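> Data: model_21.cif, mmCIF, C-alpha atoms and all ligand atoms.
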```cif
data_model
#
loop_
_atom_site.group_PDB
_atom_site.id
_atom_site.type_symbol
_atom_site.label_atom_id
_atom_site.label_comp_id
_atom_site.auth_asym_id
_atom_site.auth_seq_id
_atom_site.Cartn_x
_atom_site.Cartn_y
_atom_site.Cartn_z
ATOM 1 C CA MET A 1 27.293 -132.699 -133.886
ATOM 2 C CA ALA A 2 25.656 -131.917 -130.591
ATOM 3 C CA LYS A 3 25.510 -134.760 -128.176
ATOM 4 C CA TRP A 4 21.998 -136.035 -127.704
ATOM 5 C CA LYS A 5 20.640 -135.397 -124.234
ATOM 6 C CA PRO A 6 17.711 -137.248 -122.851
ATOM 7 C CA THR A 7 14.649 -135.211 -122.091
ATOM 8 C CA PRO A 8 13.811 -134.910 -118.416
ATOM 9 C CA TYR A 9 10.911 -137.262 -118.964
ATOM 10 C CA ALA A 10 12.992 -139.920 -120.698
ATOM 11 C CA ASP A 11 15.543 -139.525 -117.957
ATOM 12 C CA MET A 12 12.831 -140.254 -115.419
ATOM 13 C CA PHE A 13 11.686 -143.364 -117.231
ATOM 14 C CA ASP A 14 14.061 -145.821 -115.575
ATOM 15 C CA ARG A 15 13.482 -144.404 -112.129
ATOM 16 C CA VAL A 16 9.730 -144.790 -111.893
ATOM 17 C CA ARG A 17 7.717 -147.882 -111.254
ATOM 18 C CA PRO A 18 6.751 -149.772 -114.430
ATOM 19 C CA SER A 19 3.088 -149.031 -113.724
ATOM 20 C CA GLU A 20 3.860 -145.275 -113.864
ATOM 21 C CA ARG A 21 5.820 -145.342 -117.108
ATOM 22 C CA PHE A 22 2.876 -144.762 -119.425
ATOM 23 C CA LYS A 23 2.201 -141.511 -117.588
ATOM 24 C CA ILE A 24 5.792 -140.440 -118.168
ATOM 25 C CA LEU A 25 5.684 -141.418 -121.829
ATOM 26 C CA SER A 26 2.509 -139.450 -122.357
ATOM 27 C CA LEU A 27 4.316 -136.280 -121.201
ATOM 28 C CA ASP A 28 7.315 -136.738 -123.455
ATOM 29 C CA PRO A 29 7.240 -134.594 -126.624
ATOM 30 C CA PHE A 30 9.242 -137.283 -128.442
ATOM 31 C CA VAL A 31 6.406 -139.765 -127.993
ATOM 32 C CA ALA A 32 3.523 -139.548 -130.437
ATOM 33 C CA GLN A 33 0.226 -140.968 -129.306
ATOM 34 C CA GLY A 34 -1.456 -143.088 -131.924
ATOM 35 C CA ARG A 35 -3.399 -146.170 -132.733
ATOM 36 C CA LEU A 36 -2.582 -148.884 -135.237
ATOM 37 C CA ALA A 37 -5.152 -151.078 -136.924
ATOM 38 C CA MET A 38 -3.547 -153.403 -139.440
ATOM 39 C CA ALA A 39 -4.671 -156.432 -141.341
ATOM 40 C CA TYR A 40 -1.933 -159.039 -141.184
ATOM 41 C CA ARG A 41 -1.243 -162.707 -141.664
ATOM 42 C CA TYR A 42 0.828 -164.623 -139.199
ATOM 43 C CA PHE A 43 3.096 -167.268 -140.742
ATOM 44 C CA ALA A 44 2.857 -170.255 -138.430
ATOM 45 C CA GLY A 45 6.157 -171.723 -139.645
ATOM 46 C CA PRO A 46 7.136 -175.363 -140.097
ATOM 47 C CA VAL A 47 6.725 -176.432 -136.456
ATOM 48 C CA ALA A 48 3.336 -174.901 -135.627
ATOM 49 C CA GLY A 49 2.296 -175.653 -139.225
ATOM 50 C CA ARG A 50 2.803 -179.377 -138.712
ATOM 51 C CA PHE A 51 1.072 -179.209 -135.319
ATOM 52 C CA PHE A 52 -1.998 -177.643 -136.942
ATOM 53 C CA ARG A 53 -1.967 -180.036 -139.938
ATOM 54 C CA GLU A 54 -1.933 -183.026 -137.601
ATOM 55 C CA LEU A 55 -4.950 -181.618 -135.748
ATOM 56 C CA ARG A 56 -6.802 -180.962 -138.983
ATOM 57 C CA ASP A 57 -5.957 -184.089 -140.966
ATOM 58 C CA HIS A 58 -5.529 -186.784 -138.291
ATOM 59 C CA ARG A 59 -7.091 -185.465 -135.059
ATOM 60 C CA ARG A 60 -3.670 -186.062 -133.573
ATOM 61 C CA ILE A 61 -2.058 -183.891 -130.912
ATOM 62 C CA MET A 62 1.661 -183.808 -131.553
ATOM 63 C CA GLY A 63 4.380 -182.645 -129.223
ATOM 64 C CA ILE A 64 8.063 -182.196 -129.835
ATOM 65 C CA ARG A 65 10.853 -183.521 -127.635
ATOM 66 C CA CYS A 66 14.127 -181.759 -127.036
ATOM 67 C CA ARG A 67 16.877 -184.364 -127.389
ATOM 68 C CA THR A 68 19.134 -182.450 -125.008
ATOM 69 C CA CYS A 69 16.907 -182.030 -121.948
ATOM 70 C CA GLY A 70 14.135 -184.479 -122.849
ATOM 71 C CA THR A 71 11.290 -181.998 -122.374
ATOM 72 C CA VAL A 72 8.194 -182.811 -124.438
ATOM 73 C CA TYR A 73 6.415 -179.618 -125.410
ATOM 74 C CA VAL A 74 2.753 -179.273 -126.355
ATOM 75 C CA PRO A 75 2.183 -177.076 -128.239
ATOM 76 C CA PRO A 76 5.572 -177.510 -129.904
ATOM 77 C CA PRO A 77 7.981 -174.553 -129.999
ATOM 78 C CA SER A 78 10.741 -174.137 -132.558
ATOM 79 C CA VAL A 79 13.343 -173.637 -129.798
ATOM 80 C CA CYS A 80 13.593 -175.356 -126.405
ATOM 81 C CA GLY A 81 12.872 -172.844 -123.663
ATOM 82 C CA GLN A 82 15.055 -174.785 -121.203
ATOM 83 C CA CYS A 83 18.300 -175.199 -123.112
ATOM 84 C CA PHE A 84 17.793 -173.303 -126.395
ATOM 85 C CA GLU A 85 18.312 -176.371 -128.551
ATOM 86 C CA ILE A 86 16.184 -176.878 -131.643
ATOM 87 C CA PRO A 87 13.833 -179.788 -130.925
ATOM 88 C CA THR A 88 13.386 -182.187 -133.810
ATOM 89 C CA GLU A 89 11.777 -185.332 -132.405
ATOM 90 C CA TRP A 90 8.016 -185.381 -132.940
ATOM 91 C CA VAL A 91 5.956 -187.434 -130.511
ATOM 92 C CA GLU A 92 2.233 -188.065 -130.416
ATOM 93 C CA VAL A 93 0.687 -187.369 -127.032
ATOM 94 C CA ALA A 94 -2.646 -188.581 -125.720
ATOM 95 C CA PRO A 95 -5.794 -186.565 -126.435
ATOM 96 C CA ARG A 96 -6.482 -186.683 -122.702
ATOM 97 C CA GLY A 97 -4.756 -185.496 -119.600
ATOM 98 C CA ILE A 98 -5.080 -183.703 -116.306
ATOM 99 C CA LEU A 99 -6.604 -180.279 -115.712
ATOM 100 C CA GLU A 100 -3.845 -178.444 -113.867
ATOM 101 C CA SER A 101 -5.685 -175.159 -113.410
ATOM 102 C CA TYR A 102 -8.561 -173.171 -114.873
ATOM 103 C CA THR A 103 -10.353 -169.855 -114.869
ATOM 104 C CA CYS A 104 -13.822 -168.748 -115.808
ATOM 105 C CA ALA A 105 -14.608 -165.404 -117.458
ATOM 106 C CA ASN A 106 -18.158 -164.109 -117.235
ATOM 107 C CA TYR A 107 -17.660 -161.097 -119.480
ATOM 108 C CA SER A 108 -17.353 -160.881 -123.250
ATOM 109 C CA LEU A 109 -14.330 -159.679 -125.168
ATOM 110 C CA PRO A 110 -13.751 -159.794 -128.933
ATOM 111 C CA VAL A 111 -10.775 -162.096 -128.391
ATOM 112 C CA HIS A 112 -12.852 -164.775 -126.711
ATOM 113 C CA PRO A 113 -13.697 -167.492 -129.243
ATOM 114 C CA VAL A 114 -16.938 -168.485 -127.494
ATOM 115 C CA SER A 115 -19.731 -166.773 -125.595
ATOM 116 C CA THR A 116 -19.758 -166.513 -121.827
ATOM 117 C CA PRO A 117 -19.049 -168.156 -119.549
ATOM 118 C CA VAL A 118 -15.632 -168.701 -121.123
ATOM 119 C CA ILE A 119 -13.715 -171.371 -119.265
ATOM 120 C CA TYR A 120 -10.016 -171.693 -119.941
ATOM 121 C CA GLY A 121 -8.010 -174.621 -118.642
ATOM 122 C CA LEU A 122 -4.362 -175.573 -118.433
ATOM 123 C CA VAL A 123 -4.214 -179.195 -119.552
ATOM 124 C CA ARG A 124 -1.213 -181.477 -119.042
ATOM 125 C CA LEU A 125 -1.724 -184.085 -121.730
ATOM 126 C CA ASP A 126 -0.475 -187.615 -121.059
ATOM 127 C CA GLY A 127 3.026 -187.756 -122.514
ATOM 128 C CA ALA A 128 3.660 -183.991 -122.350
ATOM 129 C CA ASP A 129 5.799 -182.031 -119.891
ATOM 130 C CA THR A 130 4.116 -178.685 -120.510
ATOM 131 C CA ASN A 131 0.560 -177.407 -120.237
ATOM 132 C CA LEU A 132 -1.699 -176.583 -123.136
ATOM 133 C CA ILE A 133 -4.129 -173.733 -122.584
ATOM 134 C CA HIS A 134 -7.514 -174.358 -124.150
ATOM 135 C CA LEU A 135 -11.241 -174.064 -123.655
ATOM 136 C CA LEU A 136 -13.230 -176.345 -121.399
ATOM 137 C CA GLY A 137 -16.725 -177.443 -122.363
ATOM 138 C CA GLU A 138 -19.569 -179.753 -121.313
ATOM 139 C CA VAL A 139 -18.770 -178.858 -117.737
ATOM 140 C CA ASP A 140 -20.459 -177.111 -114.841
ATOM 141 C CA PRO A 141 -18.042 -174.330 -113.806
ATOM 142 C CA HIS A 142 -18.782 -175.132 -110.168
ATOM 143 C CA ALA A 143 -17.732 -178.755 -110.666
ATOM 144 C CA LEU A 144 -14.261 -177.822 -111.914
ATOM 145 C CA ARG A 145 -11.242 -178.767 -109.872
ATOM 146 C CA SER A 146 -7.544 -179.179 -110.463
ATOM 147 C CA GLY A 147 -6.672 -182.802 -111.097
ATOM 148 C CA LEU A 148 -9.807 -183.498 -113.144
ATOM 149 C CA GLU A 149 -9.229 -185.897 -116.050
ATOM 150 C CA VAL A 150 -10.191 -184.284 -119.348
ATOM 151 C CA GLU A 151 -10.234 -185.287 -123.009
ATOM 152 C CA ALA A 152 -10.126 -183.388 -126.284
ATOM 153 C CA VAL A 153 -13.282 -183.014 -128.355
ATOM 154 C CA PHE A 154 -12.403 -182.384 -131.998
ATOM 155 C CA LYS A 155 -14.571 -180.432 -134.403
ATOM 156 C CA GLU A 156 -16.017 -182.300 -137.366
ATOM 157 C CA GLU A 157 -15.054 -179.471 -139.727
ATOM 158 C CA ARG A 158 -11.422 -178.634 -139.041
ATOM 159 C CA GLN A 159 -9.447 -175.759 -140.521
ATOM 160 C CA GLY A 160 -5.895 -176.231 -139.318
ATOM 161 C CA ASN A 161 -5.814 -174.119 -136.189
ATOM 162 C CA ILE A 162 -5.941 -174.623 -132.427
ATOM 163 C CA LEU A 163 -9.739 -174.413 -132.424
ATOM 164 C CA ASP A 164 -9.859 -177.689 -134.391
ATOM 165 C CA ILE A 165 -9.960 -178.953 -130.824
ATOM 166 C CA HIS A 166 -13.418 -177.690 -129.914
ATOM 167 C CA TYR A 167 -12.686 -177.914 -126.196
ATOM 168 C CA PHE A 168 -11.662 -180.320 -123.466
ATOM 169 C CA ARG A 169 -14.371 -182.013 -121.419
ATOM 170 C CA PRO A 170 -14.207 -184.071 -118.240
ATOM 171 C CA LEU A 171 -13.821 -187.800 -118.713
ATOM 172 C CA ASP A 172 -16.669 -189.837 -117.313
ATOM 173 C CA GLU A 173 -15.700 -190.821 -113.808
ATOM 174 C CA ALA A 174 -18.128 -193.746 -113.758
HETATM 175 ZN ZN ZN B 1 15.927 -178.715 -124.063
#
```
For the structure just supplied, provide its representation as structure tokens.


Amino acid sequence: MAKWKPTPYADMFDRVRPSERFKILSLDPFVAQGRLAMAYRYFAGPVAGRFFRELRDHRRIMGIRCRTCGTVYVPPPSVCGQCFEIPTEWVEVAPRGILESYTCANYSLPVHPVSTPVIYGLVRLDGADTNLIHLLGEVDPHALRSGLEVEAVFKEERQGNILDIHYFRPLDEA
């Protein structure tokens, strides 16, 4: 059997900047251009499943602690990103915390769950060691700052997903 030889284009792939690689791929006769549109269901699994059930049924934000390194993750992963242990210790964290960072989008995309302006924040909930990304609401975008205290506002009708938290809003500073 003849030994496979890379095409000149494939051979070039590793030598060009990552930003140029799509151009190379588009020249390669072994690469077919196409577009996929598939309906699918994502299985949340036991860890994210419990996280979502707690939001839906108890308005509780649960994290998970790795017993090896002690990191408390929110949202909870099935594997610790620090030491690759499987965290098993569930801990409830506060529905409030500190706004670590934020961004405001003034354009619409189908993936945005709300209309513009869409304000996303990174929230470090009290009791967590990681940041939760979520929407911010009831806030003037110009009044945002890192370090702001925020709290979760839950929806009345909850469905068992991350948007059961409607958004985070600033705590009254009075
Ligand atoms: Zn760990």

> Which residues, written as number ranges by chain, have at least one atom at most 12 Å from stretch 147-164 of chain A, with only C-alpha atoms counted and residues fewer than 4 positions away on the same chain left out?

A: 42, 44, 48-62, 74-75, 93-102, 112-114, 121-126, 132-139, 143, 168-173

> Residues picked by the PyMOL selection byres (((not hetatm)) within 8 of (chain B and resi 1)) here, as a ChimeraX atom specification?

/A:65-71,80-87

> To one decimal place in Å, what is the distance between atom CA of A:Cys104 and atom CA of A:His142?

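Computing the Euclidean distance for atom CA of A:Cys104 and atom CA of A:His142 yields 9.9 Å.
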
> As JSON, what would the box around stretch 137-149 of chain A look like: edges along x, y and z, 8 Å added on every side, centre and edge lengths in Å to one decimal?


```
{"center_x": -13.6, "center_y": -180.1, "center_z": -116.1, "size_x": 29.8, "size_y": 27.6, "size_z": 28.5}
```

> Using all atoms listed in the file, find all polymer residues with an atom at most 8 Å away from the point (-13.4, -167.7, -118.3); report them as an mmCIF file with C-alpha atoms, in the frame of the given file.


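Output contents, as saved in point_26.cif:
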```cif
data_model
loop_
_atom_site.group_PDB
_atom_site.id
_atom_site.type_symbol
_atom_site.label_atom_id
_atom_site.label_comp_id
_atom_site.auth_asym_id
_atom_site.auth_seq_id
_atom_site.Cartn_x
_atom_site.Cartn_y
_atom_site.Cartn_z
ATOM 1 C CA THR A 103 -10.353 -169.855 -114.869
ATOM 2 C CA CYS A 104 -13.822 -168.748 -115.808
ATOM 3 C CA ALA A 105 -14.608 -165.404 -117.458
ATOM 4 C CA ASN A 106 -18.158 -164.109 -117.235
ATOM 5 C CA TYR A 107 -17.660 -161.097 -119.480
ATOM 6 C CA THR A 116 -19.758 -166.513 -121.827
ATOM 7 C CA PRO A 117 -19.049 -168.156 -119.549
ATOM 8 C CA VAL A 118 -15.632 -168.701 -121.123
ATOM 9 C CA ILE A 119 -13.715 -171.371 -119.265
ATOM 10 C CA TYR A 120 -10.016 -171.693 -119.941
#
```

> Atom CA of A:Pro77 and atom CA of A:Ile165 are how many Å apart?

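These two atoms are separated by 18.5 Å.
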
> Counting all atoms listed in the file, figure out which residue out of A:Ser78, A:Gly63, A:His166, A:Val111 gets nearest to A:Gly127.

A:Gly63

> What separation in Å, quoted to one decimal, exists between atom CA of A:Tyr167 and atom CA of A:Tyr73?

19.2 Å
